[in-house]
file work_31.txt (compact mmCIF, C-alpha atoms)
# COMPACT_ATOMS: atom_id res chain seq x y z
CA MET A 13 -12.22 -29.16 24.06
CA THR A 14 -9.70 -31.34 25.85
CA LEU A 15 -9.42 -30.28 29.47
CA HIS A 16 -6.51 -30.89 31.72
CA THR A 17 -6.70 -32.74 34.98
CA GLY A 18 -6.11 -30.54 38.01
CA VAL A 19 -7.54 -28.20 40.58
CA HIS A 20 -10.11 -25.53 39.73
CA GLN A 21 -11.83 -22.81 41.72
CA LYS A 22 -15.44 -23.71 42.49
CA GLY A 23 -17.66 -22.47 39.67
CA ASN A 24 -14.91 -22.62 37.03
CA PHE A 25 -15.46 -26.25 36.03
CA THR A 26 -18.54 -28.47 35.67
CA LEU A 27 -19.40 -32.12 35.38
CA THR A 28 -20.82 -31.43 31.92
CA GLU A 29 -17.45 -30.05 30.81
CA LEU A 30 -15.75 -33.20 32.10
CA ILE A 31 -18.07 -35.52 30.17
CA GLU A 32 -17.69 -33.43 27.00
CA SER A 33 -13.90 -33.57 27.40
CA ILE A 34 -13.91 -37.36 27.79
CA LYS A 35 -16.07 -37.73 24.68
CA ASP A 36 -13.89 -35.28 22.74
CA ASN A 37 -10.90 -37.63 23.06
CA ASP A 38 -9.56 -38.77 19.69
CA LYS A 39 -9.54 -42.35 21.05
CA LEU A 40 -13.30 -42.32 21.72
CA LYS A 41 -13.86 -45.09 19.15
CA LYS A 42 -12.03 -47.44 21.56
CA THR A 43 -14.30 -46.43 24.46
CA GLY A 44 -17.16 -48.68 25.52
CA ALA A 45 -17.53 -47.48 29.11
CA ILE A 46 -17.13 -44.27 31.11
CA ALA A 47 -17.19 -44.48 34.90
CA LEU A 48 -17.58 -41.41 37.12
CA PHE A 49 -16.95 -40.66 40.77
CA ILE A 50 -18.43 -37.49 42.22
CA GLY A 51 -17.21 -36.58 45.70
CA VAL A 52 -19.75 -34.50 47.62
CA VAL A 53 -19.77 -32.82 51.03
CA ARG A 54 -21.16 -35.17 53.65
CA GLY A 55 -23.45 -33.59 56.27
CA GLU A 56 -21.95 -35.42 59.23
CA SER A 57 -18.35 -35.59 60.44
CA SER A 58 -16.65 -38.86 61.33
CA GLU A 59 -17.44 -37.98 64.98
CA GLY A 60 -21.16 -37.54 64.22
CA GLU A 61 -21.13 -33.74 64.36
CA LYS A 62 -23.19 -31.63 61.94
CA VAL A 63 -21.02 -30.32 59.09
CA GLU A 64 -21.80 -26.70 58.24
CA LYS A 65 -19.27 -26.33 55.42
CA ILE A 66 -15.98 -27.57 53.99
CA THR A 67 -13.19 -25.33 52.73
CA LEU A 68 -10.78 -26.83 50.20
CA GLU A 69 -7.39 -25.31 49.48
CA ALA A 70 -4.40 -26.63 47.56
CA TYR A 71 -0.75 -26.14 46.88
CA GLU A 72 -1.94 -25.77 43.30
CA GLU A 73 1.30 -26.36 41.39
CA LYS A 74 2.06 -29.56 43.34
CA ALA A 75 -1.57 -30.74 43.29
CA ASN A 76 -1.78 -30.28 39.50
CA GLU A 77 1.50 -32.13 39.04
CA THR A 78 0.40 -35.03 41.25
CA LEU A 79 -3.07 -35.35 39.70
CA LYS A 80 -1.54 -35.36 36.21
CA GLN A 81 0.96 -38.05 37.26
CA ILE A 82 -1.81 -40.24 38.71
CA CYS A 83 -3.82 -39.93 35.49
CA ASP A 84 -0.80 -40.59 33.28
CA ASP A 85 0.06 -43.72 35.32
CA LEU A 86 -3.48 -45.07 35.13
CA LYS A 87 -3.88 -44.34 31.39
CA ASN A 88 -1.19 -46.97 30.81
CA LYS A 89 -3.32 -49.77 32.24
CA PRO A 90 -4.77 -52.26 29.73
CA GLY A 91 -8.07 -51.20 28.21
CA ILE A 92 -7.94 -47.61 29.55
CA VAL A 93 -8.49 -44.75 27.12
CA ASP A 94 -8.62 -41.69 29.41
CA VAL A 95 -8.42 -40.77 33.11
CA GLN A 96 -9.21 -37.32 34.47
CA ILE A 97 -9.30 -35.96 38.03
CA HIS A 98 -10.71 -32.48 38.64
CA HIS A 99 -10.66 -31.24 42.25
CA LEU A 100 -12.61 -28.10 43.07
CA LEU A 101 -11.39 -25.50 45.58
CA GLY A 102 -13.28 -23.00 47.73
CA ASP A 103 -16.13 -23.14 50.25
CA PHE A 104 -18.70 -25.92 49.92
CA ARG A 105 -22.02 -26.60 51.64
CA VAL A 106 -23.45 -30.05 52.35
CA GLY A 107 -24.31 -31.91 49.15
CA GLU A 108 -22.14 -29.81 46.84
CA ASP A 109 -19.70 -31.46 44.43
CA MET A 110 -16.01 -31.24 45.43
CA VAL A 111 -14.25 -33.59 43.03
CA TYR A 112 -14.85 -35.39 39.75
CA VAL A 113 -12.97 -38.49 38.61
CA ALA A 114 -13.66 -40.04 35.21
CA VAL A 115 -12.23 -43.16 33.63
CA ALA A 116 -12.94 -44.16 30.04
CA GLY A 117 -12.04 -47.59 28.77
CA SER A 118 -12.80 -50.36 26.36
CA HIS A 119 -15.06 -52.30 28.76
CA ARG A 120 -16.81 -51.78 32.09
CA THR A 121 -14.52 -54.38 33.68
CA ASP A 122 -11.53 -52.20 32.73
CA VAL A 123 -12.83 -48.93 34.18
CA PHE A 124 -14.17 -49.77 37.66
CA PRO A 125 -10.90 -50.92 39.29
CA VAL A 126 -9.03 -47.97 37.77
CA LEU A 127 -11.70 -45.55 39.01
CA GLN A 128 -11.31 -46.86 42.55
CA GLU A 129 -7.51 -46.64 42.32
CA ALA A 130 -7.71 -43.07 41.00
CA VAL A 131 -9.92 -42.01 43.92
CA GLU A 132 -7.72 -43.66 46.55
CA ARG A 133 -4.56 -42.19 45.04
CA TYR A 134 -5.80 -38.58 44.77
CA LYS A 135 -7.06 -38.72 48.36
CA HIS A 136 -3.63 -39.81 49.63
CA GLU A 137 -1.24 -38.12 47.21
CA ALA A 138 -2.63 -34.76 46.07
CA ALA A 139 -1.70 -31.55 47.94
CA VAL A 140 -5.35 -30.64 48.59
CA PHE A 141 -6.30 -29.60 52.12
CA LYS A 142 -9.73 -29.80 53.72
CA LYS A 143 -11.00 -27.70 56.62
CA GLU A 144 -14.26 -28.87 58.17
CA ARG A 145 -16.57 -26.44 59.97
CA VAL A 146 -18.85 -28.37 62.34
CA ILE A 147 -21.43 -27.72 65.00
CA ASP A 148 -20.98 -30.04 67.99
CA VAL A 149 -23.71 -31.48 70.21
CA ASN A 150 -23.55 -28.38 72.45
CA GLY A 151 -24.09 -26.02 69.50
CA SER A 152 -20.49 -24.80 69.47
CA VAL A 153 -18.86 -24.16 66.11
CA LYS A 154 -15.35 -25.43 65.49
CA GLU A 155 -13.09 -25.65 62.46
CA THR A 156 -10.55 -28.43 61.97
CA TRP A 157 -8.11 -29.29 59.20
CA ILE A 158 -8.78 -32.89 58.13
CA SER A 159 -6.06 -35.20 56.87
CA GLU A 160 -7.02 -37.68 54.16
CA LYS A 161 -4.11 -39.78 55.43
CA ASP A 162 -5.96 -40.39 58.71
CA PRO A 163 -7.58 -43.83 58.24
CA ASP A 164 -10.54 -42.99 60.49
CA LYS A 165 -11.42 -39.91 58.41
CA ASN A 166 -10.96 -41.65 55.09
CA LYS A 167 -13.88 -44.07 54.89
call {"tool": "encode", "arguments": {"input": "work_31.txt", "output": "structure tokens"}}
result
Amino acid sequence: MTLHTGVHQKGNFTLTELIESIKDNDKLKKTGAIALFIGVVRGESSEGEKVEKITLEAYEEKANETLKQICDDLKNKPGIVDVQIHHLLGDFRVGEDMVYVAVAGSHRTDVFPVLQEAVERYKHEAAVFKKERVIDVNGSVKETWISEKDPDKNK
């Protein structure tokens, strides 16, 4: 059941499928640790406004290519057995999962730095676009495209 890293429409991929895929790897006997990152929709914008929803879109071909390249690069690090990044697309409410990153490796000390690098790289390199729908302090609704390359929005 090996799954490929990439973008998926919301509802077409689950965290359970990711974990099963990691454990289905033929190199599992070398794995002593699996680290996961789950990106969820935050309920407050960087300006303190109430987030109503997030819409995620992608240039899918380029996003899939980039996510695969990131994973392939990171799989070459010492002690790493598998790296997968699965970004979901569609409309998301506060608290819903948007992205899964998994790193399997020989030891916990191998996987944590690679997990952090995988997250930082997908946020800056993948052709995934986020539109935030917020309600400001006056009750007005506004929608804004958010750039992950903006350091103030990327904390």
call {"tool": "axis_aligned_box", "arguments": {"input": "work_31.txt", "around": "region 68-73 of chain A", "padding_each_side": "6 Å", "output": "JSON"}}
result
{"center_x": -4.7, "center_y": -26.1, "center_z": 45.8, "size_x": 24.1, "size_y": 13.5, "size_z": 20.8}
call {"tool": "residues_near_point", "arguments": {"input": "work_31.txt", "point": "(-12.1, -39.8, 32.3)", "cutoff": "7 Å", "atoms": "all atoms listed in the file", "output": "JSON, numbers by chain"}}
result
{"A": [34, 46, 94, 95, 96, 113, 114, 115, 116]}
call {"tool": "residues_around", "arguments": {"input": "work_31.txt", "residues": "Val63 (chain A)", "least_positions_apart": "2", "cutoff": "7 Å", "atoms": "all atoms listed in the file", "output": "ChimeraX atom specification"}}
result
/A:55-57,61,65,144-147
call {"tool": "residues_near_point", "arguments": {"input": "work_31.txt", "point": "(-19.7, -26.4, 51.5)", "cutoff": "10 Å", "atoms": "only C-alpha atoms", "output": "number ranges by chain"}}
result
A: 52-55, 63-68, 102-110, 144-145
call {"tool": "write_last_selection", "arguments": {"input": "work_31.txt", "atoms": "C-alpha atoms", "output": "tab-separated table (two decimals), in the coordinates of the input"}}
result
chain	number	residue	atom	x	y	z
A	52	VAL	CA	-19.75	-34.50	47.62
A	53	VAL	CA	-19.77	-32.82	51.03
A	54	ARG	CA	-21.16	-35.17	53.65
A	55	GLY	CA	-23.45	-33.59	56.27
A	63	VAL	CA	-21.02	-30.32	59.09
A	64	GLU	CA	-21.80	-26.70	58.24
A	65	LYS	CA	-19.27	-26.33	55.42
A	66	ILE	CA	-15.98	-27.57	53.99
A	67	THR	CA	-13.19	-25.33	52.73
A	68	LEU	CA	-10.78	-26.83	50.20
A	102	GLY	CA	-13.28	-23.00	47.73
A	103	ASP	CA	-16.13	-23.14	50.25
A	104	PHE	CA	-18.70	-25.92	49.92
A	105	ARG	CA	-22.02	-26.60	51.64
A	106	VAL	CA	-23.45	-30.05	52.35
A	107	GLY	CA	-24.31	-31.91	49.15
A	108	GLU	CA	-22.14	-29.81	46.84
A	109	ASP	CA	-19.70	-31.46	44.43
A	110	MET	CA	-16.01	-31.24	45.43
A	144	GLU	CA	-14.26	-28.87	58.17
A	145	ARG	CA	-16.57	-26.44	59.97
call {"tool": "atom_distance", "arguments": {"input": "work_31.txt", "atom1": "CA of Ile31 (chain A)", "atom2": "CA of Phe141 (chain A)"}}
result
25.6 Å
call {"tool": "atom_distance", "arguments": {"input": "work_31.txt", "atom1": "CA of Ala75 (chain A)", "atom2": "CA of Asn24 (chain A)"}}
result
16.8 Å
call {"tool": "residues_around", "arguments": {"input": "work_31.txt", "residues": "Val131 (chain A)", "least_positions_apart": "5", "cutoff": "9 Å", "atoms": "only C-alpha atoms", "output": "number ranges by chain"}}
result
A: 49, 97, 113, 126, 136
call {"tool": "atom_distance", "arguments": {"input": "work_31.txt", "atom1": "CA of Lys22 (chain A)", "atom2": "CA of Leu86 (chain A)"}}
result
25.6 Å
call {"tool": "residues_around", "arguments": {"input": "work_31.txt", "residues": "Leu30 (chain A)", "least_positions_apart": "2", "cutoff": "10 Å", "atoms": "all atoms listed in the file", "output": "ChimeraX atom specification"}}
result
/A:13-17,25-28,32-36,48,96-98,112-114
call {"tool": "write_last_selection", "arguments": {"input": "work_31.txt", "atoms": "C-alpha atoms", "output": "mmCIF file, in the coordinates of the input"}}
result
data_model
loop_
_atom_site.group_PDB
_atom_site.id
_atom_site.type_symbol
_atom_site.label_atom_id
_atom_site.label_comp_id
_atom_site.auth_asym_id
_atom_site.auth_seq_id
_atom_site.Cartn_x
_atom_site.Cartn_y
_atom_site.Cartn_z
ATOM 1 C CA MET A 13 -12.220 -29.160 24.060
ATOM 2 C CA THR A 14 -9.700 -31.340 25.850
ATOM 3 C CA LEU A 15 -9.420 -30.280 29.470
ATOM 4 C CA HIS A 16 -6.510 -30.890 31.720
ATOM 5 C CA THR A 17 -6.700 -32.740 34.980
ATOM 6 C CA PHE A 25 -15.460 -26.250 36.030
ATOM 7 C CA THR A 26 -18.540 -28.470 35.670
ATOM 8 C CA LEU A 27 -19.400 -32.120 35.380
ATOM 9 C CA THR A 28 -20.820 -31.430 31.920
ATOM 10 C CA GLU A 32 -17.690 -33.430 27.000
ATOM 11 C CA SER A 33 -13.900 -33.570 27.400
ATOM 12 C CA ILE A 34 -13.910 -37.360 27.790
ATOM 13 C CA LYS A 35 -16.070 -37.730 24.680
ATOM 14 C CA ASP A 36 -13.890 -35.280 22.740
ATOM 15 C CA LEU A 48 -17.580 -41.410 37.120
ATOM 16 C CA GLN A 96 -9.210 -37.320 34.470
ATOM 17 C CA ILE A 97 -9.300 -35.960 38.030
ATOM 18 C CA HIS A 98 -10.710 -32.480 38.640
ATOM 19 C CA TYR A 112 -14.850 -35.390 39.750
ATOM 20 C CA VAL A 113 -12.970 -38.490 38.610
ATOM 21 C CA ALA A 114 -13.660 -40.040 35.210
#
call {"tool": "closest_residue", "arguments": {"input": "work_31.txt", "among": "A:Pro125, A:Glu77, A:Glu137, A:Tyr71", "to": "Pro90 (chain A)", "atoms": "all atoms listed in the file"}}
result
A:Pro125
call {"tool": "closest_residue", "arguments": {"input": "work_31.txt", "among": "A:His99, A:Ala138, A:Glu155, A:Gly117", "to": "Gly23 (chain A)", "atoms": "all atoms listed in the file"}}
result
A:His99
call {"tool": "build_atoms", "arguments": {"input": "work_31.txt", "residues": "region 124-150 of chain A", "atoms": "N, CA and C atoms", "output": "PDB file, in the frame of the given file"}}
result
ATOM      1  N   PHE A 124     -13.835 -49.846  36.241  1.00  0.00           N
ATOM      2  CA  PHE A 124     -14.170 -49.770  37.660  1.00  0.00           C
ATOM      3  C   PHE A 124     -12.968 -49.890  38.590  1.00  0.00           C
ATOM      4  N   PRO A 125     -12.073 -50.851  38.399  1.00  0.00           N
ATOM      5  CA  PRO A 125     -10.900 -50.920  39.290  1.00  0.00           C
ATOM      6  C   PRO A 125     -10.000 -49.690  39.170  1.00  0.00           C
ATOM      7  N   VAL A 126      -9.880 -49.156  37.973  1.00  0.00           N
ATOM      8  CA  VAL A 126      -9.030 -47.970  37.770  1.00  0.00           C
ATOM      9  C   VAL A 126      -9.682 -46.748  38.411  1.00  0.00           C
ATOM     10  N   LEU A 127     -10.999 -46.650  38.342  1.00  0.00           N
ATOM     11  CA  LEU A 127     -11.700 -45.550  39.010  1.00  0.00           C
ATOM     12  C   LEU A 127     -11.436 -45.578  40.507  1.00  0.00           C
ATOM     13  N   GLN A 128     -11.556 -46.744  41.114  1.00  0.00           N
ATOM     14  CA  GLN A 128     -11.310 -46.860  42.550  1.00  0.00           C
ATOM     15  C   GLN A 128      -9.854 -46.496  42.881  1.00  0.00           C
ATOM     16  N   GLU A 129      -8.917 -46.964  42.080  1.00  0.00           N
ATOM     17  CA  GLU A 129      -7.510 -46.640  42.320  1.00  0.00           C
ATOM     18  C   GLU A 129      -7.261 -45.142  42.185  1.00  0.00           C
ATOM     19  N   ALA A 130      -7.870 -44.513  41.195  1.00  0.00           N
ATOM     20  CA  ALA A 130      -7.710 -43.070  41.000  1.00  0.00           C
ATOM     21  C   ALA A 130      -8.206 -42.297  42.218  1.00  0.00           C
ATOM     22  N   VAL A 131      -9.355 -42.690  42.750  1.00  0.00           N
ATOM     23  CA  VAL A 131      -9.920 -42.010  43.920  1.00  0.00           C
ATOM     24  C   VAL A 131      -9.004 -42.197  45.135  1.00  0.00           C
ATOM     25  N   GLU A 132      -8.591 -43.415  45.388  1.00  0.00           N
ATOM     26  CA  GLU A 132      -7.720 -43.660  46.550  1.00  0.00           C
ATOM     27  C   GLU A 132      -6.405 -42.905  46.419  1.00  0.00           C
ATOM     28  N   ARG A 133      -5.845 -42.864  45.225  1.00  0.00           N
ATOM     29  CA  ARG A 133      -4.560 -42.190  45.040  1.00  0.00           C
ATOM     30  C   ARG A 133      -4.690 -40.678  45.211  1.00  0.00           C
ATOM     31  N   TYR A 134      -5.709 -40.035  44.616  1.00  0.00           N
ATOM     32  CA  TYR A 134      -5.800 -38.580  44.770  1.00  0.00           C
ATOM     33  C   TYR A 134      -6.004 -38.217  46.232  1.00  0.00           C
ATOM     34  N   LYS A 135      -6.790 -39.028  46.955  1.00  0.00           N
ATOM     35  CA  LYS A 135      -7.060 -38.720  48.360  1.00  0.00           C
ATOM     36  C   LYS A 135      -5.786 -38.783  49.209  1.00  0.00           C
ATOM     37  N   HIS A 136      -4.853 -39.638  48.844  1.00  0.00           N
ATOM     38  CA  HIS A 136      -3.630 -39.810  49.630  1.00  0.00           C
ATOM     39  C   HIS A 136      -2.436 -39.027  49.100  1.00  0.00           C
ATOM     40  N   GLU A 137      -2.434 -38.692  47.815  1.00  0.00           N
ATOM     41  CA  GLU A 137      -1.240 -38.120  47.210  1.00  0.00           C
ATOM     42  C   GLU A 137      -1.332 -36.636  46.856  1.00  0.00           C
ATOM     43  N   ALA A 138      -2.511 -36.139  46.553  1.00  0.00           N
ATOM     44  CA  ALA A 138      -2.630 -34.760  46.070  1.00  0.00           C
ATOM     45  C   ALA A 138      -2.523 -33.755  47.228  1.00  0.00           C
ATOM     46  N   ALA A 139      -1.882 -32.625  46.949  1.00  0.00           N
ATOM     47  CA  ALA A 139      -1.700 -31.550  47.940  1.00  0.00           C
ATOM     48  C   ALA A 139      -2.955 -30.681  47.998  1.00  0.00           C
ATOM     49  N   VAL A 140      -4.069 -31.320  48.400  1.00  0.00           N
ATOM     50  CA  VAL A 140      -5.350 -30.640  48.590  1.00  0.00           C
ATOM     51  C   VAL A 140      -5.690 -30.774  50.068  1.00  0.00           C
ATOM     52  N   PHE A 141      -6.091 -29.643  50.667  1.00  0.00           N
ATOM     53  CA  PHE A 141      -6.300 -29.600  52.120  1.00  0.00           C
ATOM     54  C   PHE A 141      -7.738 -29.226  52.423  1.00  0.00           C
ATOM     55  N   LYS A 142      -8.309 -29.940  53.399  1.00  0.00           N
ATOM     56  CA  LYS A 142      -9.730 -29.800  53.720  1.00  0.00           C
ATOM     57  C   LYS A 142      -9.890 -29.308  55.161  1.00  0.00           C
ATOM     58  N   LYS A 143     -10.648 -28.198  55.299  1.00  0.00           N
ATOM     59  CA  LYS A 143     -11.000 -27.700  56.620  1.00  0.00           C
ATOM     60  C   LYS A 143     -12.502 -27.892  56.801  1.00  0.00           C
ATOM     61  N   GLU A 144     -12.857 -28.544  57.899  1.00  0.00           N
ATOM     62  CA  GLU A 144     -14.260 -28.870  58.170  1.00  0.00           C
ATOM     63  C   GLU A 144     -14.777 -27.926  59.253  1.00  0.00           C
ATOM     64  N   ARG A 145     -15.903 -27.289  58.978  1.00  0.00           N
ATOM     65  CA  ARG A 145     -16.570 -26.440  59.970  1.00  0.00           C
ATOM     66  C   ARG A 145     -17.782 -27.209  60.466  1.00  0.00           C
ATOM     67  N   VAL A 146     -17.783 -27.549  61.769  1.00  0.00           N
ATOM     68  CA  VAL A 146     -18.850 -28.370  62.340  1.00  0.00           C
ATOM     69  C   VAL A 146     -19.508 -27.684  63.526  1.00  0.00           C
ATOM     70  N   ILE A 147     -20.705 -28.151  63.805  1.00  0.00           N
ATOM     71  CA  ILE A 147     -21.430 -27.720  65.000  1.00  0.00           C
ATOM     72  C   ILE A 147     -21.539 -28.949  65.892  1.00  0.00           C
ATOM     73  N   ASP A 148     -20.965 -28.865  67.108  1.00  0.00           N
ATOM     74  CA  ASP A 148     -20.980 -30.040  67.990  1.00  0.00           C
ATOM     75  C   ASP A 148     -22.317 -30.163  68.708  1.00  0.00           C
ATOM     76  N   VAL A 149     -22.441 -31.192  69.529  1.00  0.00           N
ATOM     77  CA  VAL A 149     -23.710 -31.480  70.210  1.00  0.00           C
ATOM     78  C   VAL A 149     -24.155 -30.360  71.138  1.00  0.00           C
ATOM     79  N   ASN A 150     -23.215 -29.506  71.576  1.00  0.00           N
ATOM     80  CA  ASN A 150     -23.550 -28.380  72.450  1.00  0.00           C
ATOM     81  C   ASN A 150     -23.853 -27.107  71.670  1.00  0.00           C
TER      82      ASN A 150
END
